[in-house]
Structures are given as structure tokens and as C-alpha cells.
Amino acid sequence: VVVVVVVVVFGMDSTPTRRPTGGNPGEKPRYDKKAAGEGGFVEMDVELPCALHPHYLGDIQRGVEDHLNELLMKFKEEVDGIVLSYRDVSLGDQYGRILFEQPHVHFSVCCRVLCFCPRVGEMLMGRVNKVGVGHIGLLVHGVFNVSIPADHIRPEFVCDEESESWCSSHDEKLEIRAGAHVVFSVHRIRVHHETLTLLGSLLDPATGPIPEEEEEDKPLFSWPELAEPLFSLDEESESKTTTTKKTKTTKKKKTKKRKTEELQGEDV
């Protein structure tokens with residue numbers, strides 16, 4: 001038996017549409033910092049399923065917000081990437097559905113999400129955090145792990161175990177060491193328990209370390225601006241909340257003072 005209950009009063013008829021924030025990286029000069037393109041960031045409109053616990057029926061907005069917050073920094077097949085932030089939230093169904101014996105209310109949520117969606121063959125840039133004989137480890141945007149195995153590094157780079165670096169036999173200025181920025185191509189994408197790991201490659205001549213003189217003190221990337229809070233209190237509500245907190249604090253102080261006076265009276 002399927003029971004239908006009304007839980008929302010507005011909807012949105014848009015179809016989920018993928019809208020990248022920028023174009024393809026295309027052909028770029030060797031070791032060019034811009035070869036990393038948009039850094040794997042994609043912004044898109046999506047419609048996501050939501051199973052709302054009955055606990056939230058008195059406050060659906062909070063339930064939707066908690067549901068979306070659970071998606072952040074996790075790989076989701078619906079967007080084929082890591083969800084970083086969301087905005088422009090609305091409910092996609094006018095009615096919620098309770099299916100069979102399940103207590104949850106099912107409906108869809110429409111929103112615009114910012115995701116990290118790397119693609120095989122795409123050029124990205126990372127900062128080296130580990131150098132070994134068998135592989136090079138990097139962090140993309142300071143968060144996402146990348147491993148470049150030795151068999152995916154061009155023969156021109158030779159590992160120097162003493163200095164813990166990979167040096168180019170063609171140009172002594174090109175050195176892969178801890179802290180260096182390296183442009184690489186995505187060779188493989190692995191997902192395990194909603195965690196994404198990249199396998200990189202330096203076989204493409206357009207990949208490699210960025211020379212020190214081209215590096216700048218400022219970050220070579222910047223996180224896109226995150227969405228503002230989904231639901232905010234108006235000035236009147238904030239004023240009432242502040243007044244309530246002050247009233248509770250005052251009552252606590254009076255109670256504490258009364259107990260102190262009683263104890264002093266007993267001592268006398």
C-alpha cells in the first residue's frame with residue numbers, strides 16, 4: 001500500500017542540466033600553470049532524491065539542509081564527483097510519498113551544486129607532499145589525493161634518493177620535490193567508500209613541474225565562493241533569540257545568587 005501525504009507547497013519543473021563553469025583546457029604551452037584549466041570544478045543544476053525522517057516534518061527546511069550537508073565532501077554518482085557546496089535550493093515535488101512500511105517521506109530536492117569532477121585525460125595541478133622511488137604523491141586543491149607511479153613518469157626524470165626528488169635530465173631547473181607544484185594528466189579515477197583518489201601521469205610532454213621562478217607566493221588556485229547559509233533568520237527572529245538568551249542568562253545568575261545566600265544563612 002502506498003500512502004501519499006502533502007509535505008510541501010511549492011515545486012520546480014526544471015530538468016537537471018550539467019553546466020561547466022569553464023571550457024576545455026585545450027592545447028597549452030609546456031609547464032604552463034593555466035594548463036590545469038578550471039581545476040576540475042563544475043557547477044550544475046541537479047535534482048536529488050531525499051528521504052526525510054518523520055522527525056523533520058515540523059521543520060522541513062532544517063531536514064533538507066541536514067540532508068544536503070551530509071552530501072558535502074563525498075563522491076556522489078548523481079553528480080559523478082565530489083559535492084563541495086550548494087545553493088538555490090527548492091523542493092522538486094509538490095507531494096511527499098511514504099512507501100510501504102517505511103516511515104521516511106520521499107521527495108526530490110532541486111539545487112545548484114559546485115562539484116570537483118575530474119575527467120580522465122584532464123590536466124590538473126597539485127602540490128607535492130611525498131616523493132619516493134616508486135611514486136610521487138600530490139594534493140590537488142590541498143584536499144584530493146593523487147598518486148603518480150614511477151611507470152607513469154617520463155624517462156627524462158630520474159629519482160635522486162639522497163635529495164628525495166625527481167630531476168629532469170633535460171633541464172636542471174625542473175625538479176619534482178616536496179612543496180613543488182606539478183601539472184599532471186588524470187590517468188585513472190578511483191572511488192572507495194565515497195572517497196575519491198586520482199592516479200596521475202607525467203608521460204605527456206605538457207606535464208611536469210613548474211620552475212621555481214614561475215611560482216608565486218600567492219596560491220596557484222582559489223576555492224570557488226561557497227554558498228551562503230540555506231536558511232537565515234530575519235532581524236526580528238535574531239532579536240528574539242538574543243533576548244531569550246539574555247533572559248536565560250539573567251535567570252541563571254539570580255538562581256545562583258539565591259543559592260549562595262541560602263548557604264551563607266545556613267552557615268550562620
# chains A, B, ... in the order shown; residues from 1 in each chain; ligands from 1

call {"tool": "residues_around", "arguments": {"residues": "region 74-78 of chain A", "least_positions_apart": "4", "cutoff": "7 Å", "atoms": "only C-alpha atoms", "output": "PyMOL selection string"}}
result
chain A and resi 82-83+194-196

call {"tool": "residues_around", "arguments": {"residues": "Gly208 (chain A)", "least_positions_apart": "2", "cutoff": "8 Å", "atoms": "only C-alpha atoms", "output": "PDB file with all heavy atoms, in the first residue's frame"}}
result
ATOM      1  N   TYR A  31      54.431  23.208 -19.228  1.00  0.00           N
ATOM      2  CA  TYR A  31      54.580  23.654 -17.849  1.00  0.00           C
ATOM      3  C   TYR A  31      53.808  24.942 -17.547  1.00  0.00           C
ATOM      4  O   TYR A  31      54.088  25.618 -16.575  1.00  0.00           O
ATOM      5  CB  TYR A  31      56.058  23.847 -17.475  1.00  0.00           C
ATOM      6  CG  TYR A  31      56.914  22.636 -17.742  1.00  0.00           C
ATOM      7  CD1 TYR A  31      58.071  22.746 -18.498  1.00  0.00           C
ATOM      8  CD2 TYR A  31      56.550  21.387 -17.264  1.00  0.00           C
ATOM      9  CE1 TYR A  31      58.854  21.634 -18.763  1.00  0.00           C
ATOM     10  CE2 TYR A  31      57.319  20.278 -17.524  1.00  0.00           C
ATOM     11  CZ  TYR A  31      58.475  20.402 -18.282  1.00  0.00           C
ATOM     12  OH  TYR A  31      59.240  19.304 -18.543  1.00  0.00           O
ATOM     13  N   LEU A 174      64.073  21.974 -13.679  1.00  0.00           N
ATOM     14  CA  LEU A 174      62.847  21.194 -13.484  1.00  0.00           C
ATOM     15  C   LEU A 174      63.111  20.090 -12.478  1.00  0.00           C
ATOM     16  O   LEU A 174      63.782  19.100 -12.766  1.00  0.00           O
ATOM     17  CB  LEU A 174      62.373  20.616 -14.817  1.00  0.00           C
ATOM     18  CG  LEU A 174      62.031  21.648 -15.906  1.00  0.00           C
ATOM     19  CD1 LEU A 174      61.591  20.948 -17.168  1.00  0.00           C
ATOM     20  CD2 LEU A 174      60.961  22.606 -15.410  1.00  0.00           C
ATOM     21  N   VAL A 182      53.121  20.696  -9.563  1.00  0.00           N
ATOM     22  CA  VAL A 182      53.289  19.849 -10.737  1.00  0.00           C
ATOM     23  C   VAL A 182      51.980  19.780 -11.519  1.00  0.00           C
ATOM     24  O   VAL A 182      50.909  19.562 -10.938  1.00  0.00           O
ATOM     25  CB  VAL A 182      53.718  18.418 -10.333  1.00  0.00           C
ATOM     26  CG1 VAL A 182      53.791  17.507 -11.555  1.00  0.00           C
ATOM     27  CG2 VAL A 182      55.072  18.456  -9.622  1.00  0.00           C
ATOM     28  N   VAL A 183      52.076  19.983 -12.826  1.00  0.00           N
ATOM     29  CA  VAL A 183      50.931  19.799 -13.721  1.00  0.00           C
ATOM     30  C   VAL A 183      50.971  18.360 -14.223  1.00  0.00           C
ATOM     31  O   VAL A 183      51.996  17.884 -14.702  1.00  0.00           O
ATOM     32  CB  VAL A 183      50.996  20.770 -14.916  1.00  0.00           C
ATOM     33  CG1 VAL A 183      49.871  20.468 -15.905  1.00  0.00           C
ATOM     34  CG2 VAL A 183      50.892  22.215 -14.434  1.00  0.00           C
ATOM     35  N   PHE A 184      49.851  17.654 -14.087  1.00  0.00           N
ATOM     36  CA  PHE A 184      49.782  16.245 -14.488  1.00  0.00           C
ATOM     37  C   PHE A 184      48.472  15.990 -15.216  1.00  0.00           C
ATOM     38  O   PHE A 184      47.554  16.816 -15.190  1.00  0.00           O
ATOM     39  CB  PHE A 184      49.876  15.332 -13.254  1.00  0.00           C
ATOM     40  CG  PHE A 184      48.713  15.450 -12.315  1.00  0.00           C
ATOM     41  CD1 PHE A 184      47.629  14.588 -12.411  1.00  0.00           C
ATOM     42  CD2 PHE A 184      48.677  16.453 -11.351  1.00  0.00           C
ATOM     43  CE1 PHE A 184      46.549  14.702 -11.560  1.00  0.00           C
ATOM     44  CE2 PHE A 184      47.597  16.583 -10.492  1.00  0.00           C
ATOM     45  CZ  PHE A 184      46.526  15.708 -10.596  1.00  0.00           C
ATOM     46  N   LEU A 202      52.698  11.611 -15.867  1.00  0.00           N
ATOM     47  CA  LEU A 202      53.593  12.655 -16.377  1.00  0.00           C
ATOM     48  C   LEU A 202      54.200  12.238 -17.708  1.00  0.00           C
ATOM     49  O   LEU A 202      55.274  12.718 -18.085  1.00  0.00           O
ATOM     50  CB  LEU A 202      54.713  12.938 -15.363  1.00  0.00           C
ATOM     51  CG  LEU A 202      54.289  13.520 -14.009  1.00  0.00           C
ATOM     52  CD1 LEU A 202      55.499  13.709 -13.103  1.00  0.00           C
ATOM     53  CD2 LEU A 202      53.559  14.839 -14.191  1.00  0.00           C
ATOM     54  N   PRO A 205      54.145  15.319 -22.669  1.00  0.00           N
ATOM     55  CA  PRO A 205      55.176  16.380 -22.638  1.00  0.00           C
ATOM     56  C   PRO A 205      54.675  17.694 -22.053  1.00  0.00           C
ATOM     57  O   PRO A 205      55.482  18.520 -21.622  1.00  0.00           O
ATOM     58  CB  PRO A 205      55.546  16.552 -24.123  1.00  0.00           C
ATOM     59  CG  PRO A 205      55.188  15.249 -24.754  1.00  0.00           C
ATOM     60  CD  PRO A 205      53.969  14.770 -24.037  1.00  0.00           C
ATOM     61  N   ALA A 206      53.356  17.898 -22.042  1.00  0.00           N
ATOM     62  CA  ALA A 206      52.800  19.145 -21.497  1.00  0.00           C
ATOM     63  C   ALA A 206      52.703  19.112 -19.975  1.00  0.00           C
ATOM     64  O   ALA A 206      52.292  20.087 -19.364  1.00  0.00           O
ATOM     65  CB  ALA A 206      51.421  19.409 -22.097  1.00  0.00           C
ATOM     66  N   ILE A 210      56.535  22.959 -12.258  1.00  0.00           N
ATOM     67  CA  ILE A 210      56.602  24.370 -12.620  1.00  0.00           C
ATOM     68  C   ILE A 210      57.925  24.931 -12.090  1.00  0.00           C
ATOM     69  O   ILE A 210      58.213  24.791 -10.900  1.00  0.00           O
ATOM     70  CB  ILE A 210      55.422  25.147 -12.028  1.00  0.00           C
ATOM     71  CG1 ILE A 210      54.114  24.585 -12.591  1.00  0.00           C
ATOM     72  CG2 ILE A 210      55.532  26.638 -12.325  1.00  0.00           C
ATOM     73  CD1 ILE A 210      52.883  25.173 -11.966  1.00  0.00           C
TER      74      ILE A 210
END

call {"tool": "select_by_dssp", "arguments": {"residues": "region 26-184 of chain A", "states": "strand (DSSP E or B)", "output": "PyMOL selection string"}}
result
chain A and resi 41-52+72+75-76+81-91+96-99+105-116+123-131+135-140+144-149+153+157-160+165-168+175-176+181-184

call {"tool": "select_by_dssp", "arguments": {"residues": "region 60-196 of chain A", "states": "alpha helix (DSSP H)", "output": "list in words"}}
result
Ile60, Gln61, Arg62, Gly63, Val64, Glu65, Asp66, His67, Leu68 and Asn69 of chain A
